[in-house]
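Below is entry_23.txt, which holds compact mmCIF, C-alpha atoms.
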```
# COMPACT_ATOMS: atom_id res chain seq x y z
CA MET A 1 -17.84 -8.25 18.80
CA THR A 2 -14.68 -8.12 20.89
CA LEU A 3 -12.03 -10.77 21.36
CA ASP A 4 -13.33 -11.39 24.88
CA ASP A 5 -16.89 -11.77 23.54
CA PHE A 6 -15.73 -14.40 21.06
CA LEU A 7 -13.77 -16.33 23.68
CA ALA A 8 -16.68 -16.24 26.13
CA ASP A 9 -19.21 -17.55 23.59
CA PRO A 10 -19.54 -21.37 23.85
CA ALA A 11 -20.51 -21.45 20.16
CA SER A 12 -17.09 -20.10 19.11
CA ARG A 13 -15.00 -22.73 17.37
CA PHE A 14 -12.17 -21.23 15.26
CA ALA A 15 -10.56 -17.87 14.56
CA THR A 16 -7.97 -16.63 12.07
CA VAL A 17 -4.84 -14.90 13.36
CA ALA A 18 -3.27 -12.90 10.51
CA MET A 19 -0.37 -10.58 9.83
CA ALA A 20 0.52 -8.55 6.75
CA ASP A 21 3.68 -9.55 4.92
CA THR A 22 5.99 -7.23 3.01
CA ASN A 23 3.75 -7.44 -0.08
CA GLY A 24 0.60 -6.56 1.89
CA LEU A 25 -0.72 -10.12 1.68
CA LEU A 26 -2.34 -11.50 4.81
CA ARG A 27 -0.67 -14.62 6.14
CA GLY A 28 -1.60 -16.53 9.28
CA GLN A 29 -3.41 -19.54 10.64
CA MET A 30 -6.84 -20.73 11.71
CA VAL A 31 -6.73 -21.63 15.39
CA SER A 32 -9.26 -23.13 17.77
CA ALA A 33 -11.04 -20.91 20.28
CA SER A 34 -9.26 -22.68 23.12
CA SER A 35 -5.88 -22.09 21.45
CA LEU A 36 -6.75 -18.44 20.90
CA GLN A 37 -7.08 -17.93 24.65
CA GLY A 38 -3.41 -18.78 25.09
CA ILE A 39 -2.36 -16.90 21.96
CA ALA A 40 -4.10 -13.74 23.19
CA LYS A 41 -1.93 -13.85 26.32
CA ASN A 42 1.35 -15.27 25.08
CA GLY A 43 1.43 -14.76 21.30
CA MET A 44 1.76 -17.26 18.47
CA GLY A 45 4.96 -18.41 16.81
CA MET A 46 5.52 -17.75 13.10
CA ALA A 47 8.72 -17.73 11.09
CA PRO A 48 9.88 -14.22 10.08
CA ALA A 49 10.91 -15.90 6.83
CA GLN A 50 7.28 -15.11 5.89
CA LEU A 51 8.56 -11.56 5.30
CA ALA A 52 11.01 -12.90 2.71
CA LEU A 53 8.29 -14.31 0.44
CA ASP A 54 7.20 -12.84 -2.87
CA PRO A 55 3.45 -13.09 -3.64
CA THR A 56 3.75 -16.57 -5.17
CA ASP A 57 6.03 -17.72 -2.32
CA ALA A 58 9.30 -17.36 -4.17
CA MET A 59 11.77 -17.15 -1.30
CA LEU A 60 13.78 -13.94 -1.37
CA THR A 61 16.74 -13.37 0.93
CA ILE A 62 16.76 -11.53 4.25
CA PRO A 63 20.19 -11.58 5.92
CA GLY A 64 20.07 -13.43 9.23
CA VAL A 65 16.63 -14.87 8.53
CA ASN A 66 16.86 -17.23 5.57
CA ASP A 67 20.39 -16.87 4.22
CA ASP A 68 23.37 -19.05 5.18
CA SER A 69 23.29 -17.62 8.70
CA GLY A 70 19.54 -18.05 9.16
CA ASP A 71 17.79 -20.89 10.96
CA PHE A 72 14.13 -20.34 9.92
CA HIS A 73 13.16 -19.90 13.57
CA ASP A 74 9.77 -18.75 14.82
CA ASP A 75 9.23 -15.39 16.50
CA PRO A 76 6.09 -14.53 18.47
CA LEU A 77 3.17 -12.72 16.90
CA GLN A 78 1.31 -10.49 19.35
CA VAL A 79 -2.43 -10.24 18.76
CA ASP A 80 -3.93 -6.73 18.55
CA PRO A 81 -7.41 -7.04 20.15
CA GLY A 82 -8.52 -3.75 18.57
CA THR A 83 -8.39 -5.27 15.09
CA VAL A 84 -11.09 -7.92 15.57
CA ARG A 85 -13.35 -8.29 12.53
CA ARG A 86 -15.73 -10.87 11.14
CA LEU A 87 -14.75 -12.75 8.02
CA PRO A 88 -17.25 -12.53 5.17
CA TRP A 89 -18.66 -15.87 3.99
CA SER A 90 -17.60 -17.72 7.18
CA LYS A 91 -20.18 -19.20 9.53
CA PRO A 92 -20.77 -17.73 13.01
CA GLY A 93 -18.29 -19.26 15.43
CA HIS A 94 -15.70 -19.58 12.67
CA ASP A 95 -15.63 -16.01 11.46
CA LEU A 96 -13.38 -14.05 13.83
CA ARG A 97 -10.24 -12.54 12.29
CA VAL A 98 -7.64 -10.60 14.26
CA LEU A 99 -4.42 -8.90 13.17
CA SER A 100 -1.08 -9.38 14.87
CA ASN A 101 2.45 -7.96 14.88
CA TYR A 102 5.83 -9.54 15.31
CA THR A 103 7.52 -8.67 18.59
CA GLY A 104 11.19 -8.53 19.41
CA ALA A 105 13.80 -8.34 16.66
CA SER A 106 11.35 -9.24 13.89
CA ALA A 107 9.25 -6.15 14.70
CA GLU A 108 12.08 -4.16 13.10
CA ILE A 109 11.13 -5.54 9.67
CA GLY A 110 7.37 -5.92 10.15
CA PRO A 111 5.44 -3.33 8.06
CA ARG A 112 2.66 -2.75 10.59
CA SER A 113 5.14 -2.30 13.45
CA ILE A 114 7.12 0.22 11.40
CA LEU A 115 4.05 2.38 10.77
CA LYS A 116 3.18 2.21 14.48
CA LYS A 117 6.69 3.44 15.32
CA VAL A 118 6.51 6.35 12.86
CA ILE A 119 3.10 7.49 14.14
CA ALA A 120 4.45 7.40 17.70
CA ARG A 121 7.45 9.52 16.69
CA ALA A 122 5.14 12.05 15.04
CA ALA A 123 3.13 12.19 18.26
CA GLU A 124 6.30 13.02 20.19
CA ALA A 125 6.57 16.12 17.99
CA GLY A 126 2.95 17.00 18.82
CA LEU A 127 1.67 15.93 15.38
CA VAL A 128 -1.27 13.62 14.66
CA PRO A 129 -1.52 12.34 11.07
CA LYS A 130 -4.89 11.74 9.46
CA TYR A 131 -4.84 9.79 6.21
CA GLY A 132 -6.92 7.86 3.71
CA MET A 133 -6.14 5.81 0.62
CA GLU A 134 -7.42 5.18 -2.89
CA LEU A 135 -6.83 1.75 -4.42
CA GLU A 136 -6.84 1.08 -8.18
CA TYR A 137 -7.20 -2.36 -9.75
CA THR A 138 -8.40 -4.06 -12.92
CA LEU A 139 -11.12 -6.72 -12.92
CA PHE A 140 -11.24 -9.48 -15.56
CA ASP A 141 -13.80 -11.98 -16.73
CA GLU A 142 -11.12 -14.64 -16.62
CA THR A 143 -10.42 -17.40 -14.14
CA PRO A 144 -6.85 -17.64 -12.87
CA GLU A 145 -6.54 -20.79 -14.97
CA SER A 146 -7.78 -19.16 -18.19
CA ALA A 147 -5.52 -16.15 -17.65
CA ARG A 148 -2.50 -18.42 -17.20
CA ALA A 149 -3.48 -20.51 -20.25
CA LYS A 150 -3.45 -17.31 -22.33
CA GLY A 151 -0.04 -16.39 -21.02
CA TYR A 152 -1.73 -13.35 -19.41
CA ARG A 153 -2.21 -11.86 -22.88
CA ASN A 154 -5.46 -10.95 -24.67
CA LEU A 155 -7.38 -11.05 -21.41
CA LYS A 156 -11.03 -10.02 -21.24
CA PRO A 157 -11.54 -7.08 -18.86
CA ALA A 158 -14.82 -6.74 -17.01
CA THR A 159 -15.78 -3.88 -19.35
CA MET A 160 -14.91 -3.43 -23.00
CA HIS A 161 -13.96 0.24 -23.11
CA ALA A 162 -12.17 2.81 -21.01
CA SER A 163 -14.90 4.28 -18.85
CA HIS A 164 -13.77 6.95 -16.41
CA ASP A 165 -16.70 7.64 -14.03
CA LEU A 166 -19.09 6.11 -16.58
CA ILE A 167 -22.31 5.31 -14.72
CA LEU A 168 -23.36 2.90 -17.47
CA TYR A 169 -20.59 0.44 -16.63
CA GLN A 170 -21.06 0.98 -12.91
CA VAL A 171 -24.72 0.02 -13.26
CA VAL A 172 -23.88 -2.97 -15.44
CA GLN A 173 -21.54 -4.16 -12.68
CA THR A 174 -24.00 -3.54 -9.85
CA GLU A 175 -23.51 -7.04 -8.44
CA TRP A 176 -19.75 -6.48 -8.14
CA TYR A 177 -20.10 -3.06 -6.50
CA GLU A 178 -22.71 -4.35 -4.08
CA ALA A 179 -20.60 -7.41 -3.25
CA ILE A 180 -17.65 -5.17 -2.38
CA SER A 181 -19.91 -3.06 -0.17
CA ALA A 182 -21.26 -6.19 1.53
CA ILE A 183 -17.84 -7.57 2.51
CA CYS A 184 -16.78 -4.17 3.89
CA GLU A 185 -19.45 -4.33 6.61
CA PRO A 186 -18.14 -7.34 8.59
CA LEU A 187 -14.55 -6.27 7.86
CA LYS A 188 -15.28 -2.78 9.29
CA ILE A 189 -13.86 -1.06 6.22
CA ASP A 190 -14.89 2.57 5.82
CA LEU A 191 -15.54 2.39 2.08
CA ALA A 192 -16.02 6.03 1.12
CA LYS A 193 -16.25 5.79 -2.66
CA MET A 194 -16.02 3.48 -5.69
CA HIS A 195 -16.03 4.33 -9.37
CA GLU A 196 -14.95 3.33 -12.85
CA GLU A 197 -11.42 4.44 -13.76
CA ILE A 198 -9.59 5.29 -17.00
CA GLY A 199 -9.23 1.83 -18.51
CA ALA A 200 -11.31 -1.19 -19.42
CA GLY A 201 -12.21 -3.07 -16.23
CA PHE A 202 -10.32 -0.42 -14.24
CA ILE A 203 -11.92 0.43 -10.86
CA GLU A 204 -10.99 2.60 -7.89
CA ALA A 205 -12.08 2.06 -4.28
CA CYS A 206 -11.42 4.68 -1.60
CA ILE A 207 -10.91 4.31 2.15
CA GLY A 208 -12.16 7.12 4.38
CA ALA A 209 -9.54 9.09 6.30
CA GLY A 210 -8.70 8.12 9.85
CA GLU A 211 -5.91 8.04 12.41
CA GLY A 212 -3.43 5.53 13.75
CA LEU A 213 -3.06 2.16 12.06
CA GLU A 214 -6.73 1.91 11.12
CA PRO A 215 -6.74 3.26 7.51
CA ALA A 216 -3.76 1.09 6.56
CA ASP A 217 -5.35 -1.94 8.25
CA GLN A 218 -8.50 -1.31 6.24
CA LEU A 219 -6.71 -1.00 2.91
CA VAL A 220 -4.78 -4.22 3.52
CA LEU A 221 -8.07 -5.96 4.24
CA LEU A 222 -9.77 -4.41 1.22
CA LYS A 223 -6.98 -5.41 -1.12
CA ASN A 224 -6.93 -9.00 0.12
CA PHE A 225 -10.69 -9.45 0.10
CA ILE A 226 -11.23 -7.86 -3.32
CA ARG A 227 -9.00 -10.62 -4.60
CA ALA A 228 -10.85 -13.21 -2.53
CA LEU A 229 -14.18 -12.01 -3.93
CA ALA A 230 -12.90 -12.25 -7.49
CA LEU A 231 -11.63 -15.79 -6.90
CA ARG A 232 -14.96 -16.83 -5.37
CA GLN A 233 -16.72 -15.51 -8.48
CA ARG A 234 -14.29 -17.41 -10.75
CA ARG A 235 -12.83 -14.12 -11.94
CA SER A 236 -9.44 -12.41 -11.67
CA ASP A 237 -8.11 -9.03 -10.72
CA THR A 238 -4.68 -7.46 -10.68
CA PHE A 239 -2.93 -4.73 -8.72
CA MET A 240 0.11 -4.73 -11.01
CA PRO A 241 1.09 -1.12 -11.76
CA ARG A 242 1.30 -2.01 -15.48
CA TRP A 243 -0.26 -5.31 -16.53
CA ASN A 244 0.08 -4.75 -20.28
CA GLU A 245 1.46 -2.20 -22.72
CA GLN A 246 -1.89 -0.48 -23.32
CA ALA A 247 -3.00 -0.23 -19.70
CA ASP A 248 -2.57 2.94 -17.71
CA SER A 249 -0.65 2.86 -14.45
CA GLN A 250 -2.41 1.51 -11.33
CA SER A 251 -1.68 3.23 -8.05
CA ILE A 252 -2.49 3.70 -4.39
CA HIS A 253 -3.02 7.41 -3.75
CA LEU A 254 -2.36 8.41 -0.15
CA HIS A 255 -4.11 11.51 1.26
CA VAL A 256 -2.53 13.02 4.41
CA SER A 257 -3.26 15.95 6.73
CA LEU A 258 -2.04 16.82 10.22
CA LYS A 259 -3.59 17.99 13.48
CA ASP A 260 -2.01 19.06 16.74
CA ARG A 261 -2.66 17.27 20.05
CA GLU A 262 -5.77 19.37 20.64
CA GLY A 263 -7.22 18.41 17.26
CA HIS A 264 -6.60 21.69 15.44
CA PRO A 265 -5.78 21.33 11.71
CA LEU A 266 -2.21 22.40 10.94
CA PHE A 267 -2.29 22.60 7.15
CA TRP A 268 -4.78 25.48 6.88
CA ASP A 269 -4.02 29.21 7.07
CA HIS A 270 -6.81 31.42 5.73
CA GLY A 271 -4.41 34.28 5.00
CA GLN A 272 -2.12 32.29 2.69
CA LYS A 273 -2.46 31.32 -0.96
CA ASN A 274 -4.95 28.43 -1.27
CA GLY A 275 -4.94 28.28 2.53
CA VAL A 276 -1.54 26.52 2.61
CA SER A 277 0.04 27.15 6.01
CA GLN A 278 3.76 27.41 6.70
CA THR A 279 3.57 24.04 8.47
CA PHE A 280 2.02 22.55 5.32
CA ARG A 281 4.81 24.06 3.21
CA HIS A 282 7.41 22.44 5.44
CA PHE A 283 5.56 19.10 5.15
CA LEU A 284 5.75 19.45 1.36
CA GLY A 285 9.43 20.33 1.65
CA GLY A 286 10.03 17.13 3.59
CA LEU A 287 8.24 15.09 0.95
CA GLN A 288 10.39 16.59 -1.78
CA ALA A 289 13.59 16.16 0.21
CA HIS A 290 13.13 12.56 1.37
CA ILE A 291 10.64 10.64 -0.79
CA GLY A 292 13.23 10.10 -3.53
CA ASP A 293 15.37 8.05 -1.13
CA MET A 294 12.32 5.85 -0.48
CA THR A 295 11.27 5.22 -4.09
CA LEU A 296 11.72 1.48 -3.52
CA ILE A 297 9.00 1.51 -0.86
CA PHE A 298 6.53 3.13 -3.28
CA GLN A 299 7.73 1.08 -6.26
CA PRO A 300 8.61 -2.31 -4.71
CA THR A 301 8.57 -4.71 -7.68
CA VAL A 302 10.24 -5.08 -11.06
CA ASN A 303 6.91 -4.25 -12.71
CA SER A 304 6.51 -1.03 -10.72
CA TYR A 305 8.93 0.90 -12.89
CA ARG A 306 7.02 0.18 -16.10
CA GLN A 307 4.32 2.66 -15.13
CA PHE A 308 6.64 5.59 -15.82
CA THR A 309 6.80 5.02 -19.56
CA PRO A 310 5.58 7.95 -21.68
CA GLY A 311 1.81 8.19 -22.04
CA THR A 312 0.79 6.95 -18.59
CA PHE A 313 -0.74 9.18 -15.94
CA ALA A 314 2.10 8.59 -13.47
CA PRO A 315 3.90 11.42 -11.63
CA PRO A 316 6.53 13.22 -13.76
CA GLY A 317 8.84 13.93 -10.78
CA LEU A 318 8.79 15.06 -7.15
CA THR A 319 6.69 18.11 -7.91
CA TRP A 320 3.75 19.68 -6.07
CA GLY A 321 0.79 21.80 -7.07
CA TYR A 322 -2.66 22.90 -5.97
CA GLU A 323 -5.40 20.68 -7.47
CA ASN A 324 -2.87 19.58 -10.09
CA ARG A 325 -2.98 15.89 -11.02
CA THR A 326 0.12 16.26 -13.17
CA THR A 327 2.25 16.58 -10.01
CA CYS A 328 3.41 13.96 -7.55
CA PHE A 329 2.17 15.79 -4.46
CA ARG A 330 -1.24 17.23 -5.22
CA ILE A 331 -2.80 19.65 -2.75
CA VAL A 332 -6.50 18.89 -2.39
CA GLY A 333 -9.29 20.61 -0.48
CA HIS A 334 -10.73 24.06 0.15
CA GLY A 335 -10.95 24.53 3.91
CA ALA A 336 -9.48 23.70 7.30
CA GLY A 337 -11.32 20.38 7.44
CA SER A 338 -10.39 19.13 3.99
CA LEU A 339 -7.02 20.61 2.94
CA ARG A 340 -4.52 17.80 2.50
CA VAL A 341 -1.78 16.46 0.26
CA GLU A 342 -2.21 13.48 -2.05
CA ASN A 343 0.93 11.40 -2.62
CA ARG A 344 0.46 9.99 -6.12
CA LEU A 345 3.73 8.03 -6.30
CA PRO A 346 2.83 4.64 -4.76
CA GLY A 347 2.05 1.80 -7.12
CA ALA A 348 -0.95 -0.44 -6.49
CA ASP A 349 1.53 -3.20 -5.61
CA SER A 350 2.95 -1.25 -2.65
CA ASN A 351 2.42 -2.07 1.01
CA PRO A 352 -0.11 0.29 2.67
CA TYR A 353 1.71 0.28 6.00
CA LEU A 354 5.06 1.13 4.46
CA ILE A 355 3.85 3.88 2.13
CA ALA A 356 1.97 5.53 5.00
CA ALA A 357 5.03 5.27 7.25
CA ALA A 358 7.37 6.65 4.58
CA THR A 359 5.08 9.57 3.65
CA ILE A 360 4.39 10.58 7.25
CA ALA A 361 8.08 10.29 8.17
CA ALA A 362 9.19 12.49 5.26
CA GLY A 363 6.57 15.16 5.94
CA VAL A 364 7.07 15.30 9.69
CA ALA A 365 10.85 15.54 9.21
CA GLY A 366 10.21 18.47 6.90
CA ILE A 367 8.27 20.23 9.66
CA VAL A 368 10.86 19.47 12.33
CA ASP A 369 13.73 20.64 10.09
CA LYS A 370 11.73 23.53 8.54
CA ILE A 371 12.44 22.44 4.96
CA GLU A 372 11.09 24.80 2.31
CA PRO A 373 9.58 23.22 -0.82
CA ASP A 374 10.55 24.10 -4.36
CA ASP A 375 8.29 26.38 -6.39
CA GLU A 376 4.77 25.16 -7.08
CA THR A 377 4.14 23.59 -10.47
CA ILE A 378 1.64 25.63 -12.47
CA GLY A 379 0.12 24.03 -15.56
CA SER A 380 1.06 20.60 -16.87
CA GLY A 381 3.87 18.95 -14.95
CA TYR A 382 4.46 16.70 -17.95
CA ALA A 383 5.52 19.68 -20.04
CA GLN A 384 8.13 20.82 -17.51
CA THR A 385 11.42 19.47 -16.22
CA PRO A 386 10.95 18.58 -12.54
CA SER A 387 13.33 20.14 -10.04
CA ARG A 388 13.63 16.82 -8.20
CA ASP A 389 13.08 13.25 -9.31
CA PHE A 390 12.70 9.74 -7.95
CA ALA A 391 14.54 6.61 -9.04
CA ARG A 392 13.45 5.40 -12.46
CA LYS A 393 15.10 1.97 -12.27
CA MET A 394 14.97 -0.63 -9.53
CA PRO A 395 18.75 -0.94 -8.95
CA GLU A 396 18.95 2.84 -8.49
CA ALA A 397 16.04 2.72 -6.03
CA ILE A 398 17.72 -0.10 -4.08
CA ASP A 399 20.98 1.84 -3.83
CA GLN A 400 19.23 5.04 -2.71
CA LEU A 401 17.28 3.30 0.05
CA ARG A 402 20.30 1.30 1.18
CA GLY A 403 22.42 4.45 1.46
CA SER A 404 19.84 6.72 3.13
CA ASP A 405 20.65 7.82 6.66
CA PHE A 406 17.18 9.40 6.83
CA VAL A 407 15.41 6.08 6.22
CA LYS A 408 17.66 4.26 8.68
CA ASP A 409 16.80 6.87 11.28
CA TRP A 410 13.03 6.84 10.76
CA LEU A 411 12.23 3.30 9.57
CA GLY A 412 15.25 1.53 11.03
CA PRO A 413 18.56 0.14 9.72
CA ARG A 414 17.35 -3.44 10.01
CA PHE A 415 14.34 -2.68 7.82
CA VAL A 416 16.58 -1.03 5.21
CA GLU A 417 18.90 -4.06 5.22
CA ALA A 418 16.07 -6.59 4.93
CA PHE A 419 13.88 -4.76 2.42
CA THR A 420 16.69 -3.87 0.01
CA ALA A 421 17.98 -7.44 0.17
CA THR A 422 14.60 -8.92 -0.81
CA ARG A 423 14.10 -6.41 -3.63
CA GLU A 424 17.61 -6.99 -4.97
CA CYS A 425 16.96 -10.73 -4.91
CA GLN A 426 13.72 -10.25 -6.87
CA HIS A 427 15.40 -8.00 -9.43
CA ASP A 428 18.33 -10.38 -9.95
CA GLU A 429 16.03 -13.39 -10.36
CA LEU A 430 13.74 -11.74 -12.92
CA ARG A 431 16.65 -10.14 -14.79
CA ARG A 432 17.74 -13.66 -15.74
CA ARG A 433 14.40 -14.32 -17.46
CA VAL A 434 13.95 -13.69 -21.20
CA PRO A 435 10.70 -11.72 -21.82
CA ASP A 436 8.43 -12.62 -24.73
CA VAL A 437 8.93 -9.20 -26.25
CA GLU A 438 12.67 -9.83 -26.61
CA LEU A 439 12.04 -13.12 -28.36
CA GLU A 440 9.57 -11.43 -30.71
CA ARG A 441 11.99 -8.62 -31.50
CA PHE A 442 15.33 -10.40 -31.73
CA PHE A 443 14.91 -14.20 -32.16
CA ASP A 444 14.68 -14.38 -35.98
CA LEU A 445 16.83 -11.55 -37.23
CA GLY A 446 18.46 -9.97 -34.18
```
Could you render the structure from this file as structure tokens?
Amino acid sequence: MTLDDFLADPASRFATVAMADTNGLLRGQMVSASSLQGIAKNGMGMAPAQLALDPTDAMLTIPGVNDDSGDFHDDPLQVDPGTVRRLPWSKPGHDLRVLSNYTGASAEIGPRSILKKVIARAAEAGLVPKYGMELEYTLFDETPESARAKGYRNLKPATMHASHDLILYQVVQTEWYEAISAICEPLKIDLAKMHEEIGAGFIEACIGAGEGLEPADQLVLLKNFIRALALRQRRSDTFMPRWNEQADSQSIHLHVSLKDREGHPLFWDHGQKNGVSQTFRHFLGGLQAHIGDMTLIFQPTVNSYRQFTPGTFAPPGLTWGYENRTTCFRIVGHGAGSLRVENRLPGADSNPYLIAAATIAAGVAGIVDKIEPDDETIGSGYAQTPSRDFARKMPEAIDQLRGSDFVKDWLGPRFVEAFTATRECQHDELRRRVPDVELERFFDLG
């Protein structure tokens, strides 16, 4: 179904126009079919203050948007006809969903627009990124109300034990797996793989690799509709990188390769060790040189930084290695068609558009500037001191992003200003809170 098909059908009644906010949540409005005709031509107004919202609508600050100089104005959203999908569960005539982007000044802080700009800049250098993503989450047999009543402690995961790739638990949860598969069909999500992960109730879902905005669009949809499915089943799920002290870290792993304009793979050279071409080495060099400045994009919340405590399977530093999961940038694949790099730094709470934009920008800059990577990590990266590191605390990550000329060049100075301001606002707000663990440790005798 195309947008024109929907508008031409007399049975069409309503459609949903959506855009992805800074957190990766879809926000938008249901509009009538007659209204959609005008919106498709002229856009739809929506306040860019939407990009200042935390997931529960706590209003963070973006200078010039919702601070003392802001007026909470609307800016136009431009519909992207190529993103038309059908909503699962909705009746025919009410089930069209289309993505949109801010235009004008607000495009400078819109995550989808930023990725579009980075991909276009890579194309100017003759480079075509191909990427896919893996999403980790934990499923609970708890309603949102029961989880809140428990203070989000002692929750019941969907499975009792850690169960990495355990077919037993996959079979037990057949209805869940099949329900995920079913919603991916109308949403046009290329669901390549699902499996049990390394914790109780811990599941991974993988998006097939593609080009342009499509893989990021698909992961945003998958993330939103996994949550919708859980809510419809009176269950809960979380994408928090660390939802309790015993849980392992939850991530989005981003797999990237490059082709030239003619479609030839650029990462493969049969005559080199593990087939890693000089172009691939420069891409790795760019990742090592620039990803540290963008830690905040990959770790965007206060909770993000808890996944780097000892004992979790999070990256030990900005290291790289061939088929080595104890590095941040893991080389995967065994031929021209499959050799790629896996960026293991992003938390599951990160925005798919932004992490794709940041990773592609860093790697392409490495190729353009011919940056050599550090030595490959052999053996366990956890047993070695990394040559380069990322920010381990949120204030440090904010400062690095705010001061990075590289990020201002590739993602834009307005994005850097807006994103660091919202993250600083979140950090300052939550820093004022007194966690339960501090009361338990210090209230009586501290």
Residue nearest Ala361 in chain A among A:Leu339, A:Leu445, A:Val128, A:Ile226 (counting all atoms listed in the file):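 Looking only at the distances to Ala361 in chain A, the closest residue turns out to be A:Val128.
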Pairwise distance for CA of His290 in chain A and CA of Met133 in chain A, rounded to one decimal in Å: 20.4 Å
Box in all listed atoms of range 295-301 of chain A, axis-aligned, with 8 Å more on each side; write out centre and edge lengths in Å to one decimal as JSON.
```
{"center_x": 9.1, "center_y": 0.3, "center_z": -4.3, "size_x": 21.2, "size_y": 25.9, "size_z": 22.8}
```
Between CA of Met44 in chain A and CA of Val79 in chain A, distance in Å (one decimal): 8.2 Å
Local residues around (-8.9, -7.9, 5.6), at most 12 Å away, using all atoms listed in the file, as a ChimeraX atom specification: /A:16-20,24-28,83-88,96-99,183-189,214-229
Within 12 Å of Ala58 in chain A using all atoms listed in the file, minus same-chain residues under 3 positions, as JSON, numbers by chain: {"A": [49, 50, 51, 52, 53, 54, 55, 61, 422, 423, 425, 426, 429, 430]}
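You will find CA of Val416 in chain A at 17.7 Å from CA of Gly70 in chain A.
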Counting all atoms listed in the file, the residue of A:Gly286, A:Pro265, A:Gly317, A:Gly151 that sits nearest Gly337 in chain A: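 Of the candidates, the smallest distance to Gly337 in chain A is held by A:Pro265.
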Residue neighbourhood range 110-127 of chain A, 10 Å, all atoms listed in the file, exclusion window fewer than 3 positions, as an NGL selection string: :A and (19-24 or 48 or 51 or 99-103 or 105-107 or 130 or 211-213 or 216-217 or 257-263 or 265-266 or 351-361 or 363-365 or 367-368 or 410-412 or 415)
Atoms kept (C-alpha atoms) for selection, written as a PDB file, in the frame of the given file:
```
ATOM      1  CA  MET A  19      -0.370 -10.580   9.830  1.00  0.00           C
ATOM      2  CA  ALA A  20       0.520  -8.550   6.750  1.00  0.00           C
ATOM      3  CA  ASP A  21       3.680  -9.550   4.920  1.00  0.00           C
ATOM      4  CA  THR A  22       5.990  -7.230   3.010  1.00  0.00           C
ATOM      5  CA  ASN A  23       3.750  -7.440  -0.080  1.00  0.00           C
ATOM      6  CA  GLY A  24       0.600  -6.560   1.890  1.00  0.00           C
ATOM      7  CA  PRO A  48       9.880 -14.220  10.080  1.00  0.00           C
ATOM      8  CA  LEU A  51       8.560 -11.560   5.300  1.00  0.00           C
ATOM      9  CA  LEU A  99      -4.420  -8.900  13.170  1.00  0.00           C
ATOM     10  CA  SER A 100      -1.080  -9.380  14.870  1.00  0.00           C
ATOM     11  CA  ASN A 101       2.450  -7.960  14.880  1.00  0.00           C
ATOM     12  CA  TYR A 102       5.830  -9.540  15.310  1.00  0.00           C
ATOM     13  CA  THR A 103       7.520  -8.670  18.590  1.00  0.00           C
ATOM     14  CA  ALA A 105      13.800  -8.340  16.660  1.00  0.00           C
ATOM     15  CA  SER A 106      11.350  -9.240  13.890  1.00  0.00           C
ATOM     16  CA  ALA A 107       9.250  -6.150  14.700  1.00  0.00           C
ATOM     17  CA  LYS A 130      -4.890  11.740   9.460  1.00  0.00           C
ATOM     18  CA  GLU A 211      -5.910   8.040  12.410  1.00  0.00           C
ATOM     19  CA  GLY A 212      -3.430   5.530  13.750  1.00  0.00           C
ATOM     20  CA  LEU A 213      -3.060   2.160  12.060  1.00  0.00           C
ATOM     21  CA  ALA A 216      -3.760   1.090   6.560  1.00  0.00           C
ATOM     22  CA  ASP A 217      -5.350  -1.940   8.250  1.00  0.00           C
ATOM     23  CA  SER A 257      -3.260  15.950   6.730  1.00  0.00           C
ATOM     24  CA  LEU A 258      -2.040  16.820  10.220  1.00  0.00           C
ATOM     25  CA  LYS A 259      -3.590  17.990  13.480  1.00  0.00           C
ATOM     26  CA  ASP A 260      -2.010  19.060  16.740  1.00  0.00           C
ATOM     27  CA  ARG A 261      -2.660  17.270  20.050  1.00  0.00           C
ATOM     28  CA  GLU A 262      -5.770  19.370  20.640  1.00  0.00           C
ATOM     29  CA  GLY A 263      -7.220  18.410  17.260  1.00  0.00           C
ATOM     30  CA  PRO A 265      -5.780  21.330  11.710  1.00  0.00           C
ATOM     31  CA  LEU A 266      -2.210  22.400  10.940  1.00  0.00           C
ATOM     32  CA  ASN A 351       2.420  -2.070   1.010  1.00  0.00           C
ATOM     33  CA  PRO A 352      -0.110   0.290   2.670  1.00  0.00           C
ATOM     34  CA  TYR A 353       1.710   0.280   6.000  1.00  0.00           C
ATOM     35  CA  LEU A 354       5.060   1.130   4.460  1.00  0.00           C
ATOM     36  CA  ILE A 355       3.850   3.880   2.130  1.00  0.00           C
ATOM     37  CA  ALA A 356       1.970   5.530   5.000  1.00  0.00           C
ATOM     38  CA  ALA A 357       5.030   5.270   7.250  1.00  0.00           C
ATOM     39  CA  ALA A 358       7.370   6.650   4.580  1.00  0.00           C
ATOM     40  CA  THR A 359       5.080   9.570   3.650  1.00  0.00           C
ATOM     41  CA  ILE A 360       4.390  10.580   7.250  1.00  0.00           C
ATOM     42  CA  ALA A 361       8.080  10.290   8.170  1.00  0.00           C
ATOM     43  CA  GLY A 363       6.570  15.160   5.940  1.00  0.00           C
ATOM     44  CA  VAL A 364       7.070  15.300   9.690  1.00  0.00           C
ATOM     45  CA  ALA A 365      10.850  15.540   9.210  1.00  0.00           C
ATOM     46  CA  ILE A 367       8.270  20.230   9.660  1.00  0.00           C
ATOM     47  CA  VAL A 368      10.860  19.470  12.330  1.00  0.00           C
ATOM     48  CA  TRP A 410      13.030   6.840  10.760  1.00  0.00           C
ATOM     49  CA  LEU A 411      12.230   3.300   9.570  1.00  0.00           C
ATOM     50  CA  GLY A 412      15.250   1.530  11.030  1.00  0.00           C
ATOM     51  CA  PHE A 415      14.340  -2.680   7.820  1.00  0.00           C
TER      52      PHE A 415
END
```
